[in-house]
>>> print(open('input-v6.txt').read())   # compact mmCIF, C-alpha atoms and all ligand atoms
# COMPACT_ATOMS: atom_id res chain seq x y z
CA MET A 1 -94.21 -202.07 48.57
CA LYS A 2 -91.20 -201.96 50.92
CA ILE A 3 -87.51 -202.75 51.05
CA ILE A 4 -87.16 -205.30 53.87
CA SER A 5 -83.42 -206.00 53.75
CA ALA A 6 -80.26 -205.47 51.74
CA LYS A 7 -76.83 -207.02 51.81
CA VAL A 8 -73.40 -206.54 50.30
CA ILE A 9 -71.70 -209.55 48.74
CA VAL A 10 -67.93 -209.43 48.19
CA THR A 11 -66.46 -212.12 45.98
CA CYS A 12 -63.21 -212.73 44.07
CA PRO A 13 -63.79 -215.16 41.19
CA GLY A 14 -60.50 -214.14 39.55
CA ARG A 15 -60.88 -210.49 40.62
CA ASN A 16 -62.82 -208.65 43.34
CA PHE A 17 -66.45 -207.60 42.92
CA VAL A 18 -68.79 -205.83 45.35
CA THR A 19 -72.49 -206.50 44.76
CA LEU A 20 -75.57 -205.09 46.50
CA LYS A 21 -78.73 -207.20 46.75
CA ILE A 22 -81.96 -205.47 47.79
CA MET A 23 -84.91 -207.59 48.97
CA THR A 24 -88.57 -206.46 49.00
CA ASP A 25 -91.66 -207.57 50.87
CA GLN A 26 -93.07 -208.91 47.58
CA GLY A 27 -90.31 -211.44 47.09
CA VAL A 28 -88.78 -209.54 44.16
CA TYR A 29 -85.11 -208.60 44.58
CA GLY A 30 -82.69 -206.41 42.66
CA ILE A 31 -78.92 -206.55 42.12
CA GLY A 32 -76.47 -203.64 41.74
CA ASP A 33 -72.68 -203.41 41.23
CA ALA A 34 -70.58 -201.30 43.63
CA THR A 35 -67.07 -202.37 42.65
CA MET A 36 -64.25 -199.81 42.92
CA ASN A 37 -61.04 -201.36 41.66
CA GLY A 38 -58.35 -201.43 44.36
CA ARG A 39 -60.53 -199.58 46.91
CA GLU A 40 -63.38 -202.09 47.26
CA LYS A 41 -63.81 -202.04 51.04
CA ALA A 42 -64.49 -198.30 51.15
CA VAL A 43 -67.72 -198.79 49.20
CA VAL A 44 -68.65 -201.87 51.27
CA ALA A 45 -68.46 -199.77 54.45
CA TYR A 46 -70.32 -196.84 52.87
CA LEU A 47 -73.18 -199.14 51.88
CA GLU A 48 -73.31 -201.29 55.02
CA ASP A 49 -72.81 -198.56 57.59
CA HIS A 50 -74.43 -195.55 55.96
CA VAL A 51 -76.85 -196.53 53.19
CA ILE A 52 -78.56 -199.85 53.97
CA PRO A 53 -79.93 -198.68 57.36
CA CYS A 54 -81.69 -195.78 55.57
CA LEU A 55 -83.18 -198.00 52.85
CA ILE A 56 -85.12 -200.36 55.13
CA GLY A 57 -88.83 -199.56 54.91
CA MET A 58 -88.51 -197.34 51.82
CA ASP A 59 -90.69 -197.90 48.75
CA PRO A 60 -88.33 -199.36 46.09
CA ARG A 61 -90.50 -197.97 43.29
CA ARG A 62 -89.44 -194.42 44.18
CA ILE A 63 -86.14 -194.65 42.28
CA GLU A 64 -85.72 -190.94 41.60
CA ASP A 65 -86.61 -189.94 45.15
CA ILE A 66 -84.20 -192.48 46.66
CA TRP A 67 -81.45 -191.25 44.30
CA GLN A 68 -82.03 -187.65 45.46
CA TYR A 69 -82.20 -188.79 49.10
CA LEU A 70 -78.80 -190.48 48.85
CA TYR A 71 -77.20 -187.64 46.83
CA ARG A 72 -78.59 -184.52 48.48
CA GLY A 73 -79.16 -186.22 51.81
CA ALA A 74 -75.51 -187.21 52.31
CA TYR A 75 -74.57 -183.51 52.26
CA TRP A 76 -71.11 -184.67 51.01
CA ARG A 77 -71.76 -184.86 47.31
CA ARG A 78 -70.06 -186.61 44.40
CA GLY A 79 -66.86 -188.67 44.54
CA PRO A 80 -66.13 -192.26 43.48
CA VAL A 81 -67.25 -193.92 46.74
CA THR A 82 -70.54 -192.07 47.18
CA MET A 83 -71.51 -192.31 43.52
CA ARG A 84 -70.75 -196.05 43.34
CA ALA A 85 -72.89 -196.69 46.41
CA ILE A 86 -75.71 -194.64 44.86
CA ALA A 87 -75.24 -196.50 41.56
CA ALA A 88 -75.54 -199.89 43.27
CA VAL A 89 -78.83 -198.90 44.90
CA ASP A 90 -80.14 -197.28 41.71
CA VAL A 91 -79.37 -200.29 39.51
CA ALA A 92 -80.90 -202.71 42.02
CA LEU A 93 -84.06 -200.56 42.09
CA TRP A 94 -84.31 -200.41 38.27
CA ASP A 95 -83.87 -204.20 38.29
CA ILE A 96 -86.76 -204.52 40.74
CA LYS A 97 -88.99 -202.11 38.79
CA ALA A 98 -88.36 -203.89 35.49
CA LYS A 99 -89.02 -207.28 37.09
CA MET A 100 -92.28 -205.95 38.56
CA ALA A 101 -93.26 -204.65 35.12
CA ASN A 102 -92.24 -208.02 33.63
CA MET A 103 -90.09 -206.17 31.07
CA PRO A 104 -86.44 -206.09 30.11
CA LEU A 105 -84.92 -202.84 31.42
CA TYR A 106 -84.41 -201.27 27.97
CA GLN A 107 -88.19 -201.29 27.47
CA LEU A 108 -88.70 -199.18 30.59
CA LEU A 109 -86.05 -196.72 29.42
CA GLY A 110 -87.93 -196.04 26.20
CA GLY A 111 -87.47 -199.14 24.07
CA ARG A 112 -85.05 -200.36 21.47
CA SER A 113 -83.05 -197.90 19.33
CA ARG A 114 -80.81 -200.52 17.70
CA ASP A 115 -80.45 -204.26 17.18
CA GLY A 116 -76.94 -204.89 18.48
CA ILE A 117 -74.30 -203.04 20.49
CA MET A 118 -70.98 -202.49 18.71
CA VAL A 119 -68.16 -203.32 21.13
CA TYR A 120 -64.40 -202.93 21.10
CA GLY A 121 -61.95 -205.46 22.49
CA HIS A 122 -58.44 -204.97 23.88
CA ALA A 123 -55.52 -206.07 21.72
CA ASN A 124 -52.12 -205.73 23.31
CA GLY A 125 -48.58 -206.99 22.98
CA SER A 126 -45.13 -206.31 24.31
CA ASP A 127 -44.11 -204.69 21.01
CA ILE A 128 -45.62 -203.59 17.69
CA ALA A 129 -45.35 -207.02 16.07
CA GLU A 130 -47.18 -208.73 18.94
CA THR A 131 -49.91 -206.08 19.03
CA VAL A 132 -50.43 -206.34 15.28
CA ASP A 133 -50.94 -210.12 15.73
CA ALA A 134 -53.33 -209.56 18.63
CA VAL A 135 -55.44 -207.15 16.52
CA GLY A 136 -55.58 -209.88 13.84
CA GLN A 137 -56.99 -212.30 16.40
CA TYR A 138 -59.80 -209.88 17.23
CA ILE A 139 -60.54 -209.37 13.54
CA ASP A 140 -60.79 -213.17 13.22
CA LEU A 141 -63.23 -213.23 16.14
CA GLY A 142 -65.47 -210.83 14.21
CA TYR A 143 -64.77 -207.58 16.07
CA LYS A 144 -65.47 -204.40 14.13
CA ALA A 145 -63.57 -202.20 16.62
CA ILE A 146 -60.32 -202.89 18.46
CA ARG A 147 -58.28 -200.96 20.98
CA ALA A 148 -54.54 -201.37 20.38
CA GLN A 149 -51.88 -200.88 23.11
CA THR A 150 -48.24 -201.78 22.82
CA GLY A 151 -45.29 -202.11 25.14
CA VAL A 152 -42.69 -199.45 24.37
CA PRO A 153 -38.96 -200.31 24.21
CA GLY A 154 -37.29 -198.85 27.29
CA ILE A 155 -40.50 -198.50 29.35
CA LYS A 156 -41.12 -201.05 32.10
CA ASP A 157 -44.65 -202.49 31.88
CA ALA A 158 -46.24 -199.76 29.76
CA TYR A 159 -49.98 -199.33 30.35
CA GLY A 160 -52.31 -201.81 28.67
CA VAL A 161 -49.92 -204.67 28.06
CA GLY A 162 -51.35 -207.96 29.27
CA ARG A 163 -49.63 -211.02 30.60
CA GLY A 164 -51.64 -213.36 28.37
CA LYS A 165 -53.42 -213.23 25.05
CA LEU A 166 -56.80 -211.49 24.83
CA PHE A 167 -56.65 -210.71 28.51
CA TYR A 168 -55.53 -207.77 30.56
CA GLU A 169 -56.00 -207.41 34.29
CA PRO A 170 -54.03 -204.54 35.79
CA ALA A 171 -55.08 -204.94 39.46
CA ASP A 172 -52.90 -207.94 40.11
CA ALA A 173 -50.71 -207.33 43.17
CA ALA A 174 -51.28 -207.36 46.95
CA LEU A 175 -49.55 -203.97 47.03
CA PRO A 176 -49.20 -201.61 44.03
CA SER A 177 -46.50 -202.71 41.61
CA VAL A 178 -44.28 -199.99 40.13
CA THR A 179 -44.39 -199.48 36.37
CA GLY A 180 -42.46 -196.99 34.26
CA TRP A 181 -43.28 -194.15 31.89
CA ASP A 182 -41.41 -192.04 29.36
CA THR A 183 -43.44 -189.71 27.15
CA ARG A 184 -40.68 -189.15 24.58
CA LYS A 185 -40.31 -192.89 23.97
CA ALA A 186 -44.09 -193.37 23.72
CA LEU A 187 -44.48 -190.49 21.26
CA ASN A 188 -41.79 -192.05 19.08
CA TYR A 189 -43.35 -195.52 19.13
CA VAL A 190 -47.16 -195.35 19.30
CA PRO A 191 -47.74 -193.71 15.86
CA LYS A 192 -45.61 -196.50 14.31
CA LEU A 193 -48.03 -199.07 15.76
CA PHE A 194 -50.98 -197.49 13.97
CA GLU A 195 -49.01 -197.05 10.76
CA LYS A 196 -48.29 -200.79 10.80
CA LEU A 197 -51.89 -201.68 11.69
CA ARG A 198 -53.33 -199.71 8.77
CA GLU A 199 -50.66 -201.09 6.43
CA THR A 200 -51.50 -204.67 7.52
CA TYR A 201 -55.30 -204.59 7.84
CA GLY A 202 -56.42 -201.54 5.88
CA PHE A 203 -59.00 -199.01 7.02
CA ASP A 204 -62.16 -201.14 7.41
CA HIS A 205 -61.93 -201.65 11.17
CA HIS A 206 -62.26 -199.06 13.90
CA LEU A 207 -59.04 -198.62 15.87
CA LEU A 208 -58.86 -197.03 19.33
CA HIS A 209 -56.03 -196.06 21.68
CA ASP A 210 -55.90 -195.19 25.40
CA GLY A 211 -53.39 -192.57 26.57
CA HIS A 212 -54.37 -193.35 30.19
CA HIS A 213 -53.86 -189.79 31.45
CA ARG A 214 -50.12 -189.82 30.65
CA TYR A 215 -49.59 -186.80 28.37
CA THR A 216 -49.60 -183.05 29.03
CA PRO A 217 -52.10 -181.10 26.87
CA GLN A 218 -49.32 -180.06 24.46
CA GLU A 219 -48.00 -183.62 24.17
CA ALA A 220 -51.56 -184.89 23.77
CA ALA A 221 -52.16 -182.45 20.91
CA ASN A 222 -48.95 -183.65 19.28
CA LEU A 223 -49.98 -187.32 19.59
CA GLY A 224 -53.45 -186.60 18.21
CA LYS A 225 -51.90 -184.84 15.24
CA MET A 226 -49.40 -187.63 14.54
CA LEU A 227 -52.24 -190.21 14.62
CA GLU A 228 -54.46 -188.33 12.16
CA PRO A 229 -53.35 -190.29 9.04
CA TYR A 230 -54.54 -193.53 10.71
CA GLN A 231 -58.12 -192.31 11.29
CA LEU A 232 -58.70 -193.55 14.84
CA PHE A 233 -62.22 -194.09 16.17
CA TRP A 234 -60.97 -192.35 19.30
CA LEU A 235 -57.99 -191.36 21.39
CA GLU A 236 -58.92 -191.85 25.03
CA ASP A 237 -57.85 -190.06 28.25
CA VAL A 238 -55.00 -188.46 26.39
CA THR A 239 -54.51 -185.89 29.16
CA PRO A 240 -56.00 -185.75 32.69
CA ALA A 241 -59.43 -184.12 32.68
CA GLU A 242 -59.68 -182.67 36.18
CA ASN A 243 -59.09 -179.41 34.35
CA GLN A 244 -61.69 -179.63 31.60
CA GLU A 245 -60.26 -176.47 29.98
CA ALA A 246 -57.05 -178.36 29.16
CA PHE A 247 -58.88 -180.04 26.31
CA LYS A 248 -59.18 -176.73 24.44
CA LEU A 249 -55.52 -176.89 23.55
CA VAL A 250 -55.77 -180.52 22.41
CA ARG A 251 -58.90 -179.83 20.38
CA GLN A 252 -57.44 -176.80 18.62
CA HIS A 253 -54.60 -178.87 17.22
CA THR A 254 -56.09 -182.18 16.17
CA VAL A 255 -59.15 -183.69 14.50
CA THR A 256 -58.48 -187.12 16.03
CA PRO A 257 -61.72 -187.88 17.95
CA LEU A 258 -61.36 -187.65 21.73
CA ALA A 259 -62.95 -189.79 24.46
CA VAL A 260 -62.94 -189.08 28.21
CA GLY A 261 -64.89 -190.01 31.32
CA GLU A 262 -64.16 -193.44 32.81
CA ILE A 263 -63.11 -191.82 36.10
CA PHE A 264 -65.88 -189.21 36.13
CA ASN A 265 -68.61 -189.56 38.73
CA THR A 266 -71.17 -186.89 37.84
CA ILE A 267 -72.45 -184.70 35.06
CA TRP A 268 -70.44 -181.84 36.56
CA ASP A 269 -67.15 -183.57 35.69
CA ALA A 270 -68.19 -183.68 32.04
CA LYS A 271 -70.32 -180.54 31.63
CA ASP A 272 -67.70 -178.14 30.21
CA LEU A 273 -66.14 -180.79 27.98
CA ILE A 274 -69.56 -181.55 26.51
CA GLN A 275 -70.92 -178.02 26.24
CA ASN A 276 -67.75 -176.72 24.60
CA GLN A 277 -67.68 -179.72 22.25
CA LEU A 278 -64.15 -180.57 23.36
CA ILE A 279 -64.77 -184.33 23.20
CA ASP A 280 -66.56 -186.71 20.86
CA TYR A 281 -67.33 -189.61 23.22
CA ILE A 282 -68.28 -189.66 26.88
CA ARG A 283 -66.98 -192.75 28.72
CA CYS A 284 -68.95 -192.61 31.99
CA THR A 285 -70.67 -195.83 32.88
CA ILE A 286 -73.38 -197.12 35.18
CA VAL A 287 -71.33 -198.06 38.27
CA SER A 288 -69.03 -195.04 38.46
CA ALA A 289 -71.54 -192.33 37.56
CA GLY A 290 -74.53 -192.84 39.83
CA GLY A 291 -76.43 -195.60 38.03
CA VAL A 292 -78.99 -195.51 35.26
CA THR A 293 -80.72 -192.44 36.69
CA HIS A 294 -77.65 -190.22 36.49
CA LEU A 295 -76.02 -191.69 33.38
CA ARG A 296 -79.22 -190.92 31.51
CA ARG A 297 -78.81 -187.23 32.40
CA ILE A 298 -75.21 -187.23 31.17
CA ALA A 299 -76.17 -188.94 27.90
CA ASP A 300 -79.04 -186.50 27.35
CA LEU A 301 -76.76 -183.48 27.87
CA ALA A 302 -74.21 -185.07 25.51
CA SER A 303 -76.87 -185.66 22.85
CA LEU A 304 -77.49 -181.89 22.57
CA TYR A 305 -73.88 -181.45 21.45
CA GLN A 306 -73.53 -184.52 19.21
CA VAL A 307 -71.31 -186.21 21.78
CA ARG A 308 -71.90 -189.97 21.76
CA THR A 309 -71.59 -192.60 24.50
CA GLY A 310 -68.70 -195.03 24.84
CA SER A 311 -69.16 -196.69 28.21
CA HIS A 312 -66.21 -198.00 30.17
CA GLY A 313 -66.30 -201.80 30.19
CA ALA A 314 -63.03 -203.11 31.64
CA THR A 315 -63.08 -206.30 33.75
CA ASP A 316 -63.49 -204.34 37.00
CA LEU A 317 -67.00 -203.42 35.81
CA SER A 318 -68.88 -206.52 36.94
CA PRO A 319 -71.31 -208.46 34.72
CA VAL A 320 -74.05 -206.56 36.60
CA THR A 321 -72.72 -203.27 35.22
CA MET A 322 -72.15 -204.81 31.78
CA GLY A 323 -75.70 -206.22 31.64
CA THR A 324 -77.22 -202.91 32.75
CA ALA A 325 -75.01 -200.93 30.36
CA LEU A 326 -76.21 -203.10 27.47
CA HIS A 327 -79.84 -202.25 28.24
CA PHE A 328 -78.82 -198.60 28.43
CA ASP A 329 -76.91 -198.87 25.14
CA THR A 330 -79.89 -200.59 23.47
CA TRP A 331 -82.03 -197.56 24.31
CA VAL A 332 -79.73 -194.50 24.33
CA PRO A 333 -80.24 -192.46 21.12
CA ASN A 334 -76.68 -191.09 20.99
CA PHE A 335 -74.91 -194.44 21.35
CA GLY A 336 -71.33 -194.64 20.09
CA ILE A 337 -69.63 -197.85 21.20
CA GLN A 338 -69.32 -200.09 24.27
CA GLU A 339 -66.00 -201.32 25.70
CA TYR A 340 -65.96 -205.07 26.26
CA MET A 341 -63.24 -206.93 28.12
CA ARG A 342 -64.28 -210.51 28.63
CA HIS A 343 -64.64 -211.76 32.20
CA THR A 344 -63.15 -215.06 33.31
CA GLU A 345 -65.27 -218.23 33.27
CA GLU A 346 -65.32 -218.16 37.09
CA THR A 347 -66.76 -214.62 37.05
CA ASP A 348 -69.36 -215.52 34.43
CA ALA A 349 -70.45 -218.51 36.57
CA VAL A 350 -70.86 -216.38 39.72
CA PHE A 351 -72.96 -213.86 37.76
CA PRO A 352 -75.39 -215.79 35.52
CA HIS A 353 -76.49 -213.42 32.73
CA ASP A 354 -78.43 -213.44 29.50
CA TYR A 355 -76.34 -211.12 27.31
CA HIS A 356 -74.28 -212.63 24.51
CA PHE A 357 -71.62 -211.75 21.92
CA ALA A 358 -71.90 -212.35 18.17
CA SER A 359 -70.08 -210.80 15.18
CA GLY A 360 -68.51 -207.89 17.03
CA GLU A 361 -71.69 -206.97 18.89
CA LEU A 362 -73.21 -207.66 22.29
CA PHE A 363 -76.92 -208.23 22.73
CA CYS A 364 -78.88 -207.81 25.95
CA GLY A 365 -81.46 -210.47 26.76
CA GLU A 366 -85.22 -210.26 27.09
CA ALA A 367 -85.51 -211.46 30.71
CA PRO A 368 -87.33 -209.05 33.03
CA GLY A 369 -84.90 -206.68 34.81
CA HIS A 370 -81.30 -206.15 33.73
CA GLY A 371 -80.83 -209.86 33.24
CA VAL A 372 -77.90 -210.47 35.62
CA ASP A 373 -78.08 -212.46 38.87
CA ILE A 374 -75.58 -213.57 41.51
CA ASP A 375 -75.05 -217.18 42.63
CA GLU A 376 -74.42 -216.49 46.30
CA ALA A 377 -73.28 -220.02 47.19
CA LEU A 378 -70.68 -219.94 44.43
CA ALA A 379 -69.67 -216.35 45.30
CA ALA A 380 -68.95 -217.47 48.88
CA LYS A 381 -66.30 -219.86 47.57
CA TYR A 382 -64.13 -216.94 46.39
CA PRO A 383 -63.10 -214.78 49.37
CA TYR A 384 -61.87 -211.19 48.95
CA LYS A 385 -58.23 -210.88 47.94
CA PRO A 386 -56.54 -207.45 48.25
CA ALA A 387 -55.47 -206.37 44.74
CA TYR A 388 -54.14 -202.95 43.76
CA LEU A 389 -53.74 -201.15 40.47
CA PRO A 390 -50.08 -200.34 39.69
CA VAL A 391 -48.44 -196.94 40.13
CA ALA A 392 -46.19 -195.30 37.53
CA ARG A 393 -42.85 -193.51 37.94
CA LEU A 394 -40.60 -191.71 35.46
CA SER A 395 -37.04 -193.01 35.08
CA ASP A 396 -35.74 -190.51 37.68
CA GLY A 397 -38.28 -191.80 40.21
CA THR A 398 -40.87 -189.02 39.86
CA MET A 399 -44.46 -190.21 40.46
CA TRP A 400 -46.57 -190.04 37.30
CA ASN A 401 -50.15 -190.87 36.38
CA TRP A 402 -50.68 -194.61 36.05
C1 LIG B 501 -58.98 -198.60 31.17
C2 LIG B 501 -59.09 -199.51 32.32
O1 LIG B 501 -60.61 -199.86 30.10
C3 LIG B 501 -59.97 -198.84 30.07
O2 LIG B 501 -60.02 -198.00 29.22
O3 LIG B 501 -58.52 -197.34 31.26
O4 LIG B 501 -58.26 -200.59 32.04
C4 LIG B 501 -58.74 -198.92 33.68
O5 LIG B 501 -57.37 -198.78 33.80
C5 LIG B 501 -59.29 -199.83 34.74
O6 LIG B 501 -60.66 -199.96 34.57
C6 LIG B 501 -58.97 -199.31 36.13
O7 LIG B 501 -59.70 -200.00 37.09
MG MG B 502 -59.27 -196.14 29.69
>>> encode(input="input-v6.txt", output="structure tokens")
Amino acid sequence: MKIISAKVIVTCPGRNFVTLKIMTDQGVYGIGDATMNGREKAVVAYLEDHVIPCLIGMDPRRIEDIWQYLYRGAYWRRGPVTMRAIAAVDVALWDIKAKMANMPLYQLLGGRSRDGIMVYGHANGSDIAETVDAVGQYIDLGYKAIRAQTGVPGIKDAYGVGRGKLFYEPADAALPSVTGWDTRKALNYVPKLFEKLRETYGFDHHLLHDGHHRYTPQEAANLGKMLEPYQLFWLEDVTPAENQEAFKLVRQHTVTPLAVGEIFNTIWDAKDLIQNQLIDYIRCTIVSAGGVTHLRRIADLASLYQVRTGSHGATDLSPVTMGTALHFDTWVPNFGIQEYMRHTEETDAVFPHDYHFASGELFCGEAPGHGVDIDEALAAKYPYKPAYLPVARLSDGTMWNW
């Protein structure tokens, strides 16, 4: 069996997506996601100029060998561009293998470990009252877990606040828009949101919060401590994790569960956090962390230390990543939760898929492969549109972490 061709499809049905399609001499094809929010063209070039020429003629059944070829063979290891390109190839190859085996992907991974995949949705509002209402809407929709983000008085466009209900799309400007940040104001306001949420809805639902890399380790520890009475499911990216050691300080001061990893690309980014049991949930997902082949290694390492998975699932992760993640989640023994931000109708139409939502859970389908396809004719109707994530500055103009 041979790979005879491969192509990259860029489409913007409401937001940009980069998709790799690999064709074989047996008529079976596979699809992989290579989207990097705000830096899409870098991965397109990496795939078209440096990966596809090497793939032609290779045996698509040799998934592990091709992964090693692209990782070791590049010499320049790791990084968001390389690992997304590898992920796109890897996912397309798992799709092909599962189709050849006439099995849904989760069966090849080891079979079903659970019936449904608990997901969390994003509730947000410009202030506490609006966010409390938005959480209520998710509860009405049957969600068991909800992430709550609020605008903060005095901060311009605080992270996580959408422009419409049930929808949040940060990459929305042709050049990065400038948002604000003020840690003091956030530390005063965020605990009040969770106080109000527990007062209004009780303790039956899981509540989550994303710090989006904004706090220093000391401030993060303080926030974790202040949130303890509200029993969060997790506090995410509360301080940047380039320095994995920084989490020691946070961990020593709070029992609020910690989640990290949406910007990690390899097991090496997470190794110390996992081995030192400094986090409770690992957020790496298929597209950013080298595909099914590598994410499986991260999850297995995590399982030794009782760290559970909580895959990133914002709208910049295409339905191809979501579909593949759901097969992964259906199998992985140490599953925790799956993030789920709904895609637009246009996106869902471009990527026909067989997963579905019911009662706070997602379910992968039984079609052979990962169950997600791309309608190329429809995709062609939505040309690429440059769209950047915002940047953040403190009130004196200092650049901060968005
Ligand atoms: C986020 C994302 O989903 C999350 O937890 O942190 O909204 C993130 O900002 C985007 O995926 C960036 O592309
Ligand atoms: Mg996040």
>>> atom_distance(input="input-v6.txt", atom1="atom CA of A:Lys41", atom2="atom CA of A:Tyr384")
9.6 Å
>>> residues_around(input="input-v6.txt", residues="A:Trp94", least_positions_apart="6", cutoff="8 Å", atoms="only C-alpha atoms", output="tab-separated table (two decimals) with C-alpha atoms, in the frame of the given file")
chain	number	residue	atom	x	y	z
A	30	GLY	CA	-82.69	-206.41	42.66
A	63	ILE	CA	-86.14	-194.65	42.28
A	105	LEU	CA	-84.92	-202.84	31.42
A	292	VAL	CA	-78.99	-195.51	35.26
A	369	GLY	CA	-84.90	-206.68	34.81
A	370	HIS	CA	-81.30	-206.15	33.73
>>> residues_around(input="input-v6.txt", residues="A:Gln252", least_positions_apart="3", cutoff="12 Å", atoms="all atoms listed in the file", output="PyMOL selection string")
chain A and resi 217-218+220-222+224-225+245-249+255-258+276-279
>>> write_last_selection(input="input-v6.txt", atoms="C-alpha atoms", output="short mmCIF file (atom, residue, chain, number, x, y, z; two decimals), keeping the file's coordinate frame")
data_model
loop_
_atom_site.label_atom_id
_atom_site.label_comp_id
_atom_site.auth_asym_id
_atom_site.auth_seq_id
_atom_site.Cartn_x
_atom_site.Cartn_y
_atom_site.Cartn_z
CA PRO A 217 -52.10 -181.10 26.87
CA GLN A 218 -49.32 -180.06 24.46
CA ALA A 220 -51.56 -184.89 23.77
CA ALA A 221 -52.16 -182.45 20.91
CA ASN A 222 -48.95 -183.65 19.28
CA GLY A 224 -53.45 -186.60 18.21
CA LYS A 225 -51.90 -184.84 15.24
CA GLU A 245 -60.26 -176.47 29.98
CA ALA A 246 -57.05 -178.36 29.16
CA PHE A 247 -58.88 -180.04 26.31
CA LYS A 248 -59.18 -176.73 24.44
CA LEU A 249 -55.52 -176.89 23.55
CA VAL A 255 -59.15 -183.69 14.50
CA THR A 256 -58.48 -187.12 16.03
CA PRO A 257 -61.72 -187.88 17.95
CA LEU A 258 -61.36 -187.65 21.73
CA ASN A 276 -67.75 -176.72 24.60
CA GLN A 277 -67.68 -179.72 22.25
CA LEU A 278 -64.15 -180.57 23.36
CA ILE A 279 -64.77 -184.33 23.20
#
>>> residues_near_ligand(input="input-v6.txt", ligand="ligand MG 502 (chain B)", cutoff="12 Å", atoms="all atoms listed in the file", output="PyMOL selection string")
chain A and resi 122+147-149+159-160+170+208-214+234-240+258-264+282-285+310-316+339-341+402
>>> residues_around(input="input-v6.txt", residues="A:Trp67", least_positions_apart="5", cutoff="9 Å", atoms="only C-alpha atoms", output="PyMOL selection string")
chain A and resi 62+72+86-87+89-90+290+293-294
>>> atom_distance(input="input-v6.txt", atom1="atom CA of A:Tyr215", atom2="atom CA of A:Thr150")
16.0 Å
>>> axis_aligned_box(input="input-v6.txt", around="stretch 172-183 of chain A", padding_each_side="3 Å", output="lines of an AutoDock Vina configuration file")
center_x = -47.2
center_y = -198.8
center_z = 37.1
size_x = 17.5
size_y = 24.2
size_z = 25.9
>>> closest_residue(input="input-v6.txt", among="A:Met118, A:Thr19, A:Ala367, A:Gly125", to="A:Thr309", atoms="only C-alpha atoms")
A:Met118
>>> residues_around(input="input-v6.txt", residues="A:Gly365", least_positions_apart="5", cutoff="8 Å", atoms="only C-alpha atoms", output="VMD selection string")
chain A and resid 104 354 to 356 371
>>> residues_around(input="input-v6.txt", residues="stretch 46-56 of chain A", least_positions_apart="6", cutoff="7 Å", atoms="all atoms listed in the file", output="PyMOL selection string")
chain A and resi 3-6+85
>>> closest_residue(input="input-v6.txt", among="A:Leu389, A:Val43, A:Val287, A:Val8", to="ligand LIG 501 (chain B)", atoms="all atoms listed in the file")
A:Leu389
>>> atom_distance(input="input-v6.txt", atom1="atom CA of A:Ile96", atom2="atom CA of A:Tyr29")
5.8 Å
>>> closest_residue(input="input-v6.txt", among="A:Pro80, A:Gly111, A:Pro191, A:Pro176", to="A:Ile128", atoms="all atoms listed in the file")
A:Pro191
>>> closest_residue(input="input-v6.txt", among="A:Thr347, A:Gln275, A:Thr266, A:Asn124", to="ligand LIG 501 (chain B)", atoms="only C-alpha atoms and all ligand atoms")
A:Asn124
>>> closest_residue(input="input-v6.txt", among="A:Gly162, A:Gly360, A:Pro60, A:Pro333", to="ligand LIG 501 (chain B)", atoms="only C-alpha atoms and all ligand atoms")
A:Gly162
>>> closest_residue(input="input-v6.txt", among="A:Val307, A:Ala174, A:Val161, A:Met23", to="ligand LIG 501 (chain B)", atoms="only C-alpha atoms and all ligand atoms")
A:Val161
>>> residues_near_point(input="input-v6.txt", point="(-55.7, -210.3, 35.4)", cutoff="10 Å", atoms="all atoms listed in the file", output="CSV table (one decimal) with C-alpha atoms, keeping the file's coordinate frame")
chain,number,residue,atom,x,y,z
A,14,GLY,CA,-60.5,-214.1,39.6
A,15,ARG,CA,-60.9,-210.5,40.6
A,162,GLY,CA,-51.4,-208.0,29.3
A,163,ARG,CA,-49.6,-211.0,30.6
A,164,GLY,CA,-51.6,-213.4,28.4
A,167,PHE,CA,-56.6,-210.7,28.5
A,168,TYR,CA,-55.5,-207.8,30.6
A,169,GLU,CA,-56.0,-207.4,34.3
A,170,PRO,CA,-54.0,-204.5,35.8
A,171,ALA,CA,-55.1,-204.9,39.5
A,172,ASP,CA,-52.9,-207.9,40.1
A,173,ALA,CA,-50.7,-207.3,43.2
A,315,THR,CA,-63.1,-206.3,33.8
A,316,ASP,CA,-63.5,-204.3,37.0
A,343,HIS,CA,-64.6,-211.8,32.2
A,344,THR,CA,-63.2,-215.1,33.3
